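Below: coords.pdb (PDB, C-alpha atoms, pLDDT in the B column)
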```pdb
ATOM      1  CA  MET H 443       0.000   0.000   0.000  1.00 58.00           C
ATOM      2  CA  ALA H 444       1.364   3.311  -1.070  1.00 77.00           C
ATOM      3  CA  GLY H 445      -0.786   5.765   0.769  1.00 87.00           C
ATOM      4  CA  THR H 446      -3.816   6.595   2.815  1.00 89.00           C
ATOM      5  CA  THR H 447      -6.643   9.044   2.292  1.00 89.00           C
ATOM      6  CA  THR H 448      -6.498  12.274   4.283  1.00 90.00           C
ATOM      7  CA  LYS H 449      -9.773  12.186   6.193  1.00 87.00           C
ATOM      8  CA  MET H 450     -10.530   8.513   6.785  1.00 87.00           C
ATOM      9  CA  GLY H 451      -7.057   7.026   6.515  1.00 87.00           C
ATOM     10  CA  ILE H 452      -8.176   4.458   3.953  1.00 89.00           C
ATOM     11  CA  GLN H 453      -5.256   2.655   2.362  1.00 88.00           C
ATOM     12  CA  TYR H 454      -4.896   2.589  -1.401  1.00 89.00           C
ATOM     13  CA  PRO H 455      -2.378   1.114  -3.889  1.00 88.00           C
ATOM     14  CA  THR H 456      -0.453   3.032  -6.538  1.00 88.00           C
ATOM     15  CA  SER H 457       0.128   2.324 -10.188  1.00 85.00           C
ATOM     16  CA  THR H 458       3.547   0.814  -9.441  1.00 89.00           C
ATOM     17  CA  ASP H 459       2.139  -1.925  -7.209  1.00 88.00           C
ATOM     18  CA  LEU H 460       2.063  -5.420  -8.660  1.00 88.00           C
ATOM     19  CA  VAL H 461      -1.153  -6.516 -10.391  1.00 86.00           C
ATOM     20  CA  LYS H 462      -0.988  -9.857  -8.580  1.00 88.00           C
ATOM     21  CA  ASP H 463      -1.504  -7.991  -5.296  1.00 87.00           C
ATOM     22  CA  GLY H 464      -4.662  -6.304  -6.589  1.00 87.00           C
ATOM     23  CA  ALA H 465      -7.131  -8.570  -4.799  1.00 92.00           C
ATOM     24  CA  THR H 466      -5.377  -8.119  -1.489  1.00 91.00           C
ATOM     25  CA  ALA H 467      -5.306  -4.343  -2.012  1.00 89.00           C
ATOM     26  CA  MET H 468      -9.017  -4.306  -2.792  1.00 90.00           C
ATOM     27  CA  GLN H 469      -9.797  -6.341   0.311  1.00 93.00           C
ATOM     28  CA  THR H 470      -7.740  -4.001   2.473  1.00 90.00           C
ATOM     29  CA  LEU H 471      -9.505  -0.996   0.974  1.00 89.00           C
ATOM     30  CA  ALA H 472     -12.933  -2.568   1.441  1.00 91.00           C
ATOM     31  CA  THR H 473     -12.165  -3.486   5.049  1.00 92.00           C
ATOM     32  CA  ASP H 474     -11.017   0.043   5.755  1.00 90.00           C
ATOM     33  CA  VAL H 475     -14.242   1.471   4.325  1.00 89.00           C
ATOM     34  CA  ASP H 476     -16.223  -1.029   6.410  1.00 90.00           C
ATOM     35  CA  ASN H 477     -14.397  -0.070   9.591  1.00 89.00           C
ATOM     36  CA  LYS H 478     -14.027   3.656   9.190  1.00 87.00           C
ATOM     37  CA  SER H 479     -17.352   4.830   7.787  1.00 89.00           C
ATOM     38  CA  GLY H 480     -19.141   6.658  10.604  1.00 91.00           C
ATOM     39  CA  LEU H 481     -22.752   6.073   9.665  1.00 94.00           C
ATOM     40  CA  VAL H 482     -23.531   3.010   7.602  1.00 95.00           C
ATOM     41  CA  PHE H 483     -26.699   2.578   5.558  1.00 96.00           C
ATOM     42  CA  ILE H 484     -28.426  -0.676   6.516  1.00 97.00           C
ATOM     43  CA  LYS H 485     -31.738  -0.789   4.682  1.00 97.00           C
ATOM     44  CA  SER H 486     -34.754   1.161   3.477  1.00 97.00           C
ATOM     45  CA  GLN H 487     -38.454   0.411   3.410  1.00 98.00           C
ATOM     46  CA  THR H 488     -41.091   2.146   1.317  1.00 98.00           C
ATOM     47  CA  VAL H 489     -44.377   2.580   3.146  1.00 98.00           C
ATOM     48  CA  GLY H 490     -47.535   1.388   1.421  1.00 98.00           C
ATOM     49  CA  THR H 491     -51.023   2.896   1.201  1.00 97.00           C
ATOM     50  CA  GLY H 492     -53.488   3.086   4.090  1.00 97.00           C
ATOM     51  CA  VAL H 493     -51.120   1.587   6.633  1.00 98.00           C
ATOM     52  CA  THR H 494     -51.590   1.493  10.409  1.00 97.00           C
ATOM     53  CA  THR H 495     -48.308  -0.229  11.296  1.00 97.00           C
ATOM     54  CA  VAL H 496     -45.031  -0.846   9.490  1.00 98.00           C
ATOM     55  CA  THR H 497     -42.694  -3.511  10.789  1.00 98.00           C
ATOM     56  CA  VAL H 498     -39.103  -3.481   9.574  1.00 98.00           C
ATOM     57  CA  ASN H 499     -37.284  -6.755  10.170  1.00 98.00           C
ATOM     58  CA  THR H 500     -33.525  -7.451  10.269  1.00 98.00           C
ATOM     59  CA  ALA H 501     -32.772  -3.839  11.122  1.00 98.00           C
ATOM     60  CA  PHE H 502     -30.593  -4.432  14.180  1.00 98.00           C
ATOM     61  CA  SER H 503     -27.688  -6.838  14.473  1.00 97.00           C
ATOM     62  CA  THR H 504     -24.391  -7.449  16.172  1.00 97.00           C
ATOM     63  CA  ASN H 505     -22.698  -5.237  13.575  1.00 95.00           C
ATOM     64  CA  PHE H 506     -23.818  -2.035  15.326  1.00 97.00           C
ATOM     65  CA  ASP H 507     -24.806  -0.938  18.820  1.00 97.00           C
ATOM     66  CA  ASN H 508     -26.586   2.321  18.001  1.00 98.00           C
ATOM     67  CA  TYR H 509     -28.852   3.267  15.108  1.00 98.00           C
ATOM     68  CA  LYS H 510     -30.476   6.164  13.299  1.00 98.00           C
ATOM     69  CA  ILE H 511     -33.974   5.672  11.893  1.00 98.00           C
ATOM     70  CA  ILE H 512     -35.449   8.307   9.602  1.00 98.00           C
ATOM     71  CA  TYR H 513     -38.941   8.193   8.125  1.00 98.00           C
ATOM     72  CA  MET H 514     -39.830  11.159   5.965  1.00 98.00           C
ATOM     73  CA  GLY H 515     -42.437  11.996   3.395  1.00 96.00           C
ATOM     74  CA  GLY H 516     -45.718  10.455   2.392  1.00 97.00           C
ATOM     75  CA  SER H 517     -48.809  11.698   4.181  1.00 97.00           C
ATOM     76  CA  SER H 518     -51.305  10.801   6.857  1.00 97.00           C
ATOM     77  CA  SER H 519     -55.070  10.692   6.737  1.00 96.00           C
ATOM     78  CA  THR H 520     -55.367  12.880   9.836  1.00 93.00           C
ATOM     79  CA  PHE H 521     -53.328  14.622  12.536  1.00 93.00           C
ATOM     80  CA  ALA H 522     -51.564  11.959  14.543  1.00 94.00           C
ATOM     81  CA  ASP H 523     -48.372  10.927  16.281  1.00 94.00           C
ATOM     82  CA  LEU H 524     -45.948   8.248  15.184  1.00 96.00           C
ATOM     83  CA  TRP H 525     -45.117   5.630  17.771  1.00 97.00           C
ATOM     84  CA  LEU H 526     -42.211   3.225  17.887  1.00 98.00           C
ATOM     85  CA  ARG H 527     -41.934  -0.297  19.261  1.00 98.00           C
ATOM     86  CA  LEU H 528     -39.037  -2.727  19.330  1.00 98.00           C
ATOM     87  CA  GLY H 529     -39.790  -6.313  18.314  1.00 98.00           C
ATOM     88  CA  ALA H 530     -43.176  -7.458  19.592  1.00 97.00           C
ATOM     89  CA  THR H 531     -42.798  -5.765  22.965  1.00 98.00           C
ATOM     90  CA  ALA H 532     -45.849  -3.693  23.958  1.00 97.00           C
ATOM     91  CA  THR H 533     -44.950  -2.690  27.515  1.00 97.00           C
ATOM     92  CA  GLY H 534     -42.148  -1.058  29.436  1.00 97.00           C
ATOM     93  CA  TYR H 535     -41.650   2.068  27.344  1.00 98.00           C
ATOM     94  CA  TYR H 536     -40.910   5.316  29.180  1.00 97.00           C
ATOM     95  CA  MET H 537     -40.600   8.695  27.482  1.00 96.00           C
ATOM     96  CA  GLY H 538     -40.279  12.346  28.430  1.00 95.00           C
ATOM     97  CA  GLY H 539     -39.536  15.586  26.678  1.00 96.00           C
ATOM     98  CA  SER H 540     -41.008  18.884  25.623  1.00 95.00           C
ATOM     99  CA  PHE H 541     -42.252  20.762  22.624  1.00 93.00           C
ATOM    100  CA  THR H 542     -43.499  24.146  21.481  1.00 93.00           C
ATOM    101  CA  ALA H 543     -46.079  24.891  18.835  1.00 90.00           C
ATOM    102  CA  TYR H 544     -44.482  26.413  15.753  1.00 90.00           C
ATOM    103  CA  ASN H 545     -46.314  29.682  16.357  1.00 86.00           C
ATOM    104  CA  SER H 546     -46.051  29.810  20.143  1.00 83.00           C
ATOM    105  CA  ALA H 547     -43.132  30.060  22.548  1.00 83.00           C
ATOM    106  CA  THR H 548     -44.969  28.227  25.312  1.00 87.00           C
ATOM    107  CA  VAL H 549     -43.149  25.058  26.283  1.00 91.00           C
ATOM    108  CA  THR H 550     -45.268  21.991  26.948  1.00 90.00           C
ATOM    109  CA  ALA H 551     -43.804  19.059  28.835  1.00 92.00           C
ATOM    110  CA  LEU H 552     -44.460  15.475  27.757  1.00 90.00           C
ATOM    111  CA  ALA H 553     -44.224  12.353  29.874  1.00 92.00           C
ATOM    112  CA  THR H 554     -45.740   8.971  29.217  1.00 92.00           C
ATOM    113  CA  GLY H 555     -44.683   6.977  32.250  1.00 90.00           C
ATOM    114  CA  LEU H 556     -45.044   3.266  31.554  1.00 92.00           C
ATOM    115  CA  ALA H 557     -46.507   2.886  28.059  1.00 95.00           C
ATOM    116  CA  ALA H 558     -47.068   0.326  25.316  1.00 96.00           C
ATOM    117  CA  GLN H 559     -44.731   2.184  22.941  1.00 97.00           C
ATOM    118  CA  TRP H 560     -42.468   5.202  22.651  1.00 97.00           C
ATOM    119  CA  THR H 561     -45.439   7.485  22.128  1.00 94.00           C
ATOM    120  CA  TYR H 562     -43.851  10.741  20.952  1.00 94.00           C
ATOM    121  CA  SER H 563     -41.382   9.402  18.411  1.00 97.00           C
ATOM    122  CA  GLY H 564     -42.577  11.326  15.374  1.00 97.00           C
ATOM    123  CA  ILE H 565     -45.468  13.218  13.867  1.00 96.00           C
ATOM    124  CA  ALA H 566     -47.875  12.113  11.140  1.00 96.00           C
ATOM    125  CA  ASP H 567     -49.431  14.952   9.210  1.00 95.00           C
ATOM    126  CA  PRO H 568     -51.381  15.248   5.955  1.00 95.00           C
ATOM    127  CA  SER H 569     -48.511  17.470   4.757  1.00 94.00           C
ATOM    128  CA  GLY H 570     -45.934  14.762   5.373  1.00 96.00           C
ATOM    129  CA  ASN H 571     -44.695  12.367   8.010  1.00 97.00           C
ATOM    130  CA  ALA H 572     -41.537  12.937  10.038  1.00 97.00           C
ATOM    131  CA  LEU H 573     -39.731  10.580  12.368  1.00 98.00           C
ATOM    132  CA  SER H 574     -36.050  10.979  13.150  1.00 98.00           C
ATOM    133  CA  VAL H 575     -34.800   8.961  16.090  1.00 98.00           C
ATOM    134  CA  GLU H 576     -31.630   7.469  17.435  1.00 98.00           C
ATOM    135  CA  VAL H 577     -32.121   4.075  19.050  1.00 98.00           C
ATOM    136  CA  TYR H 578     -29.435   2.954  21.427  1.00 98.00           C
ATOM    137  CA  GLN H 579     -28.302  -0.660  21.857  1.00 98.00           C
ATOM    138  CA  PRO H 580     -31.531  -2.410  20.777  1.00 98.00           C
ATOM    139  CA  TYR H 581     -29.636  -5.559  19.835  1.00 98.00           C
ATOM    140  CA  LEU H 582     -27.723  -5.768  23.112  1.00 98.00           C
ATOM    141  CA  ALA H 583     -29.159  -7.658  26.085  1.00 97.00           C
ATOM    142  CA  ASP H 584     -29.561  -4.404  27.962  1.00 97.00           C
ATOM    143  CA  GLN H 585     -31.991  -1.505  28.267  1.00 97.00           C
ATOM    144  CA  SER H 586     -32.633   0.263  24.966  1.00 98.00           C
ATOM    145  CA  GLY H 587     -32.767   4.031  24.701  1.00 98.00           C
ATOM    146  CA  ILE H 588     -34.258   6.511  22.281  1.00 98.00           C
ATOM    147  CA  ALA H 589     -33.685  10.162  21.425  1.00 98.00           C
ATOM    148  CA  ALA H 590     -36.272  11.622  19.075  1.00 98.00           C
ATOM    149  CA  GLN H 591     -36.384  14.867  17.183  1.00 96.00           C
ATOM    150  CA  PHE H 592     -40.116  15.437  17.539  1.00 94.00           C
ATOM    151  CA  PHE H 593     -41.167  17.695  14.684  1.00 93.00           C
ATOM    152  CA  SER H 594     -43.674  17.946  11.882  1.00 93.00           C
ATOM    153  CA  LEU H 595     -43.757  18.850   8.231  1.00 92.00           C
ATOM    154  CA  GLY H 596     -47.167  20.408   8.826  1.00 89.00           C
ATOM    155  CA  ASN H 597     -47.055  24.076   9.791  1.00 89.00           C
ATOM    156  CA  THR H 598     -49.808  23.803  12.394  1.00 88.00           C
ATOM    157  CA  ARG H 599     -47.930  21.343  14.529  1.00 90.00           C
ATOM    158  CA  VAL H 600     -45.077  21.376  17.041  1.00 91.00           C
ATOM    159  CA  GLY H 601     -41.340  20.942  17.372  1.00 93.00           C
ATOM    160  CA  GLY H 602     -39.461  19.487  20.290  1.00 94.00           C
ATOM    161  CA  ALA H 603     -37.376  16.646  21.590  1.00 96.00           C
ATOM    162  CA  THR H 604     -38.217  13.479  23.444  1.00 97.00           C
ATOM    163  CA  PHE H 605     -36.125  10.824  25.129  1.00 97.00           C
ATOM    164  CA  GLY H 606     -36.836   7.475  26.644  1.00 97.00           C
ATOM    165  CA  VAL H 607     -35.957   3.983  27.676  1.00 98.00           C
ATOM    166  CA  LEU H 608     -37.378   0.516  27.121  1.00 98.00           C
ATOM    167  CA  ASN H 609     -37.062  -1.063  30.516  1.00 97.00           C
ATOM    168  CA  ASN H 610     -36.060  -4.626  29.718  1.00 97.00           C
ATOM    169  CA  THR H 611     -32.954  -6.487  28.603  1.00 97.00           C
ATOM    170  CA  THR H 612     -34.340  -8.123  25.465  1.00 98.00           C
ATOM    171  CA  SER H 613     -32.297  -8.204  22.272  1.00 98.00           C
ATOM    172  CA  TYR H 614     -34.193  -6.908  19.231  1.00 98.00           C
ATOM    173  CA  THR H 615     -33.700  -7.218  15.482  1.00 98.00           C
ATOM    174  CA  ALA H 616     -36.903  -5.479  14.328  1.00 98.00           C
ATOM    175  CA  PHE H 617     -38.939  -2.355  14.994  1.00 98.00           C
ATOM    176  CA  THR H 618     -42.452  -1.186  14.216  1.00 98.00           C
ATOM    177  CA  ILE H 619     -43.708   2.302  13.452  1.00 98.00           C
ATOM    178  CA  LEU H 620     -47.360   2.785  14.431  1.00 97.00           C
ATOM    179  CA  VAL H 621     -49.670   5.716  13.823  1.00 95.00           C
ATOM    180  CA  SER H 622     -51.805   6.902  16.737  1.00 93.00           C
ATOM    181  CA  ALA H 623     -54.859   7.673  14.604  1.00 93.00           C
ATOM    182  CA  GLY H 624     -55.880   7.076  11.016  1.00 95.00           C
ATOM    183  CA  THR H 625     -53.391   5.749   8.507  1.00 97.00           C
ATOM    184  CA  ILE H 626     -50.180   6.726   6.770  1.00 98.00           C
ATOM    185  CA  THR H 627     -49.340   6.417   3.099  1.00 98.00           C
ATOM    186  CA  GLY H 628     -46.000   6.571   1.345  1.00 98.00           C
ATOM    187  CA  GLY H 629     -42.637   7.889   2.337  1.00 98.00           C
ATOM    188  CA  THR H 630     -39.503   5.917   3.032  1.00 98.00           C
ATOM    189  CA  ILE H 631     -38.007   4.536   6.224  1.00 98.00           C
ATOM    190  CA  ARG H 632     -34.220   4.408   6.226  1.00 98.00           C
ATOM    191  CA  VAL H 633     -32.071   2.691   8.847  1.00 98.00           C
ATOM    192  CA  TYR H 634     -28.426   3.505   9.517  1.00 98.00           C
ATOM    193  CA  GLY H 635     -25.940   2.060  11.976  1.00 97.00           C
ATOM    194  CA  TYR H 636     -23.276   3.949  13.881  1.00 97.00           C
ATOM    195  CA  ASN H 637     -20.025   2.158  13.302  1.00 94.00           C
ATOM    196  CA  LYS H 638     -18.348   0.761  16.383  1.00 89.00           C
TER
ATOM    197  CA  MET Z 899     -62.896  18.776  22.251  1.00 70.00           C
ATOM    198  CA  ASP Z 900     -63.711  17.347  18.846  1.00 86.00           C
ATOM    199  CA  THR Z 901     -63.426  13.566  18.941  1.00 90.00           C
ATOM    200  CA  TRP Z 902     -63.860  10.710  16.472  1.00 92.00           C
ATOM    201  CA  THR Z 903     -67.155   8.850  16.311  1.00 94.00           C
ATOM    202  CA  ARG Z 904     -67.550   5.287  15.094  1.00 95.00           C
ATOM    203  CA  GLN Z 905     -69.670   6.420  12.162  1.00 95.00           C
ATOM    204  CA  GLU Z 906     -67.020   8.915  11.049  1.00 94.00           C
ATOM    205  CA  LEU Z 907     -64.280   6.302  11.329  1.00 95.00           C
ATOM    206  CA  GLU Z 908     -66.243   3.623   9.463  1.00 95.00           C
ATOM    207  CA  THR Z 909     -66.934   6.115   6.670  1.00 95.00           C
ATOM    208  CA  ALA Z 910     -63.333   7.304   6.473  1.00 95.00           C
ATOM    209  CA  TYR Z 911     -61.770   3.851   6.769  1.00 96.00           C
ATOM    210  CA  PRO Z 912     -64.027   1.147   5.290  1.00 96.00           C
ATOM    211  CA  LEU Z 913     -63.163  -2.485   5.861  1.00 96.00           C
ATOM    212  CA  GLY Z 914     -60.552  -3.588   3.348  1.00 96.00           C
ATOM    213  CA  THR Z 915     -58.871  -0.199   3.044  1.00 96.00           C
ATOM    214  CA  VAL Z 916     -56.676  -0.356   6.142  1.00 97.00           C
ATOM    215  CA  TYR Z 917     -53.452  -2.359   6.134  1.00 98.00           C
ATOM    216  CA  GLU Z 918     -50.659  -3.679   8.295  1.00 97.00           C
ATOM    217  CA  GLN Z 919     -47.244  -3.773   6.644  1.00 98.00           C
ATOM    218  CA  THR Z 920     -44.360  -6.137   7.376  1.00 98.00           C
ATOM    219  CA  ASP Z 921     -41.361  -5.326   5.228  1.00 97.00           C
ATOM    220  CA  ASP Z 922     -42.781  -5.350   1.687  1.00 97.00           C
ATOM    221  CA  ASP Z 923     -45.919  -7.322   2.567  1.00 97.00           C
ATOM    222  CA  LEU Z 924     -49.206  -5.430   2.945  1.00 97.00           C
ATOM    223  CA  GLU Z 925     -52.099  -7.242   4.603  1.00 97.00           C
ATOM    224  CA  PRO Z 926     -55.569  -5.724   5.011  1.00 97.00           C
ATOM    225  CA  LEU Z 927     -56.941  -5.867   8.523  1.00 97.00           C
ATOM    226  CA  THR Z 928     -59.346  -8.720   9.061  1.00 97.00           C
ATOM    227  CA  ALA Z 929     -62.919  -7.786   9.929  1.00 97.00           C
ATOM    228  CA  GLU Z 930     -62.233  -8.556  13.572  1.00 97.00           C
ATOM    229  CA  ASP Z 931     -58.982  -6.556  13.658  1.00 96.00           C
ATOM    230  CA  TRP Z 932     -60.564  -3.699  11.734  1.00 97.00           C
ATOM    231  CA  SER Z 933     -63.473  -3.492  14.189  1.00 96.00           C
ATOM    232  CA  GLU Z 934     -61.021  -3.538  17.092  1.00 95.00           C
ATOM    233  CA  TRP Z 935     -58.945  -0.831  15.398  1.00 94.00           C
ATOM    234  CA  ILE Z 936     -62.040   1.329  14.940  1.00 95.00           C
ATOM    235  CA  ASP Z 937     -63.037   0.789  18.595  1.00 94.00           C
ATOM    236  CA  GLY Z 938     -59.595   1.920  19.696  1.00 91.00           C
ATOM    237  CA  GLN Z 939     -60.023   5.279  17.986  1.00 90.00           C
ATOM    238  CA  VAL Z 940     -63.617   6.108  18.958  1.00 93.00           C
ATOM    239  CA  GLY Z 941     -63.568   9.069  21.335  1.00 90.00           C
ATOM    240  CA  MET Z 942     -59.975   9.994  20.534  1.00 86.00           C
ATOM    241  CA  PRO Z 943     -59.357  13.707  19.910  1.00 86.00           C
ATOM    242  CA  LYS Z 944     -59.123  14.764  16.280  1.00 87.00           C
ATOM    243  CA  HIS Z 945     -56.275  17.047  17.263  1.00 84.00           C
ATOM    244  CA  PRO Z 946     -53.677  15.289  19.446  1.00 85.00           C
ATOM    245  CA  VAL Z 947     -51.344  17.211  21.717  1.00 84.00           C
ATOM    246  CA  SER Z 948     -48.897  17.607  18.836  1.00 86.00           C
ATOM    247  CA  ALA Z 949     -51.552  19.390  16.768  1.00 84.00           C
ATOM    248  CA  THR Z 950     -52.300  22.265  19.083  1.00 69.00           C
ATOM    249  CA  GLY Z 951     -50.332  24.804  17.114  1.00 54.00           C
ATOM    250  CA  PRO Z 952     -52.048  27.909  15.785  1.00 47.00           C
ATOM    251  CA  THR Z 953     -53.308  27.612  12.246  1.00 47.00           C
ATOM    252  CA  SER Z 954     -52.270  31.115  11.189  1.00 39.00           C
TER
END
```
Before we go any further, please render this structure as structure tokens.
Amino acid sequence: MAGTTTKMGIQYPTSTDLVKDGATAMQTLATDVDNKSGLVFIKSQTVGTGVTTVTVNTAFSTNFDNYKIIYMGGSSSTFADLWLRLGATATGYYMGGSFTAYNSATVTALATGLAAQWTYSGIADPSGNALSVEVYQPYLADQSGIAAQFFSLGNTRVGGATFGVLNNTTSYTAFTILVSAGTITGGTIRVYGYNK
Amino acid sequence: MDTWTRQELETAYPLGTVYEQTDDDLEPLTAEDWSEWIDGQVGMPKHPVSATGPTS
């Protein structure tokens, strides 16, 4: 290997290296990209029409501890919230946070206590759906955490932040997005992993 | 507070038009699940706490 890239330190060969070493060079380069990329795309899921729940399987694995899930676009049939569950678990979710209406500086506190889901994970709106959350260590046999940017693409809604924990030590590979009222249509869910 | 009635929900979401999605698979709610889903939304506010923003 003749050099490394400036920002990520990825090794690369030069034109004077032997052709017979090309496969080894490619493997080294690929391994470096695998190890040094900060946020790695895992999968995407397009949401169908008239949907109440969307389950995304094989999202979490031993490859990553922490994840970013973004669902943007589409629309909802009515004003609603987007909820999040891990696996088939429907108990043990705690969440707190705050928000303000877009046209008001009054802060409103949110707290769910023990709930059947992370209730304030995102917002479904006829103008577009928005869910942007980080989920911490869902695959590990430990408590899972969430940090949500709670905002809407509809201009009559709210913006804020919510945080929570799922109080068990179950390992999860899947998650489900639920809508609190009505249905959602369209948009894309994308899952990324934070490299270890 | 304006809340959903069963009649409004049944009109807005007829049986066969509401789905559950698992990965790429879309399955319509069965009649039993659909009725249960409707029941769960009767009396719920049309504007949840996240929809209290001014409309101007």
Given the file above and the ChimeraX specification (/H :<10) & /Z, which residues are selected, and can you give them as a PDB file with C-alpha atoms, keeping the file's coordinate frame?
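Contents of expr04.pdb, freshly written:
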```pdb
ATOM      1  CA  TRP Z 902     -63.860  10.710  16.472  1.00 92.00           C
ATOM      2  CA  LEU Z 907     -64.280   6.302  11.329  1.00 95.00           C
ATOM      3  CA  ALA Z 910     -63.333   7.304   6.473  1.00 95.00           C
ATOM      4  CA  TYR Z 911     -61.770   3.851   6.769  1.00 96.00           C
ATOM      5  CA  GLY Z 914     -60.552  -3.588   3.348  1.00 96.00           C
ATOM      6  CA  THR Z 915     -58.871  -0.199   3.044  1.00 96.00           C
ATOM      7  CA  VAL Z 916     -56.676  -0.356   6.142  1.00 97.00           C
ATOM      8  CA  TYR Z 917     -53.452  -2.359   6.134  1.00 98.00           C
ATOM      9  CA  GLU Z 918     -50.659  -3.679   8.295  1.00 97.00           C
ATOM     10  CA  GLN Z 919     -47.244  -3.773   6.644  1.00 98.00           C
ATOM     11  CA  THR Z 920     -44.360  -6.137   7.376  1.00 98.00           C
ATOM     12  CA  ASP Z 921     -41.361  -5.326   5.228  1.00 97.00           C
ATOM     13  CA  ASP Z 922     -42.781  -5.350   1.687  1.00 97.00           C
ATOM     14  CA  ASP Z 923     -45.919  -7.322   2.567  1.00 97.00           C
ATOM     15  CA  LEU Z 924     -49.206  -5.430   2.945  1.00 97.00           C
ATOM     16  CA  GLU Z 925     -52.099  -7.242   4.603  1.00 97.00           C
ATOM     17  CA  PRO Z 926     -55.569  -5.724   5.011  1.00 97.00           C
ATOM     18  CA  LEU Z 927     -56.941  -5.867   8.523  1.00 97.00           C
ATOM     19  CA  TRP Z 935     -58.945  -0.831  15.398  1.00 94.00           C
ATOM     20  CA  ILE Z 936     -62.040   1.329  14.940  1.00 95.00           C
ATOM     21  CA  GLY Z 938     -59.595   1.920  19.696  1.00 91.00           C
ATOM     22  CA  GLN Z 939     -60.023   5.279  17.986  1.00 90.00           C
ATOM     23  CA  VAL Z 940     -63.617   6.108  18.958  1.00 93.00           C
ATOM     24  CA  MET Z 942     -59.975   9.994  20.534  1.00 86.00           C
ATOM     25  CA  PRO Z 943     -59.357  13.707  19.910  1.00 86.00           C
ATOM     26  CA  LYS Z 944     -59.123  14.764  16.280  1.00 87.00           C
ATOM     27  CA  HIS Z 945     -56.275  17.047  17.263  1.00 84.00           C
ATOM     28  CA  PRO Z 946     -53.677  15.289  19.446  1.00 85.00           C
ATOM     29  CA  VAL Z 947     -51.344  17.211  21.717  1.00 84.00           C
ATOM     30  CA  SER Z 948     -48.897  17.607  18.836  1.00 86.00           C
ATOM     31  CA  ALA Z 949     -51.552  19.390  16.768  1.00 84.00           C
ATOM     32  CA  THR Z 950     -52.300  22.265  19.083  1.00 69.00           C
ATOM     33  CA  GLY Z 951     -50.332  24.804  17.114  1.00 54.00           C
ATOM     34  CA  PRO Z 952     -52.048  27.909  15.785  1.00 47.00           C
ATOM     35  CA  THR Z 953     -53.308  27.612  12.246  1.00 47.00           C
ATOM     36  CA  SER Z 954     -52.270  31.115  11.189  1.00 39.00           C
TER      37      SER Z 954
END
```
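If you look at atom CA of Trp932 of chain Z and atom CA of Met514 of chain H, they are 26.2 Å away from each other.
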Which distance in Å separates atom CA of Gly515 of chain H and atom CA of Ser563 of chain H, to one decimal?
-> 15.3 Å
Which of Z:Thr901, Z:Leu913, Z:Glu906, Z:Gly941 sits closest to Thr928 of chain Z [using all atoms listed in the file] = Z:Leu913
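Within the 12 Å cut-off around Thr446 of chain H, using all atoms listed in the file and omitting residues fewer than 6 positions from it on the same chain, the listed residues are Ile452, Gln453, Tyr454, Pro455, Thr456, Thr470, Leu471, Asp474 and Val475 of chain H.
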Mind listing whatever residues come within 10 Å of the point (-29.7, 1.2, 28.0)? Use all atoms listed in the file, file coordinates, and give them as a ChimeraX atom specification.
-> /H:577-580,582-588,606-611
Straight-line distance linking atom CA of Phe483 of chain H with atom CA of Asn637 of chain H, stated in Å to one decimal | 10.2 Å
Take the point (-34.3, -8.1, 14.3) as written in the file and pick out every residue within 8 Å of it, counting all atoms listed in the file; give the list as a ChimeraX atom specification.
-> /H:499-503,529,581,614-617
Take every atom of segment 544-552 of chain H listed in the file, fit an axis-aligned box around them, add 4 Å per side, and give the centre and edge lengths in Å to one decimal as lines of an AutoDock Vina configuration file.
```
center_x = -44.7
center_y = 22.8
center_z = 22.3
size_x = 11.2
size_y = 22.6
size_z = 21.1
```
Limit the output to C-alpha atoms and give segment 926-954 of chain Z as a compact mmCIF listing (two decimals), in the first residue's frame.
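What landed in out-v6.txt:
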```txt
# COMPACT_ATOMS: atom_id res chain seq x y z
CA PRO Z 926 -55.57 -5.72 5.01
CA LEU Z 927 -56.94 -5.87 8.52
CA THR Z 928 -59.35 -8.72 9.06
CA ALA Z 929 -62.92 -7.79 9.93
CA GLU Z 930 -62.23 -8.56 13.57
CA ASP Z 931 -58.98 -6.56 13.66
CA TRP Z 932 -60.56 -3.70 11.73
CA SER Z 933 -63.47 -3.49 14.19
CA GLU Z 934 -61.02 -3.54 17.09
CA TRP Z 935 -58.95 -0.83 15.40
CA ILE Z 936 -62.04 1.33 14.94
CA ASP Z 937 -63.04 0.79 18.60
CA GLY Z 938 -59.60 1.92 19.70
CA GLN Z 939 -60.02 5.28 17.99
CA VAL Z 940 -63.62 6.11 18.96
CA GLY Z 941 -63.57 9.07 21.34
CA MET Z 942 -59.97 9.99 20.53
CA PRO Z 943 -59.36 13.71 19.91
CA LYS Z 944 -59.12 14.76 16.28
CA HIS Z 945 -56.27 17.05 17.26
CA PRO Z 946 -53.68 15.29 19.45
CA VAL Z 947 -51.34 17.21 21.72
CA SER Z 948 -48.90 17.61 18.84
CA ALA Z 949 -51.55 19.39 16.77
CA THR Z 950 -52.30 22.26 19.08
CA GLY Z 951 -50.33 24.80 17.11
CA PRO Z 952 -52.05 27.91 15.79
CA THR Z 953 -53.31 27.61 12.25
CA SER Z 954 -52.27 31.12 11.19
```
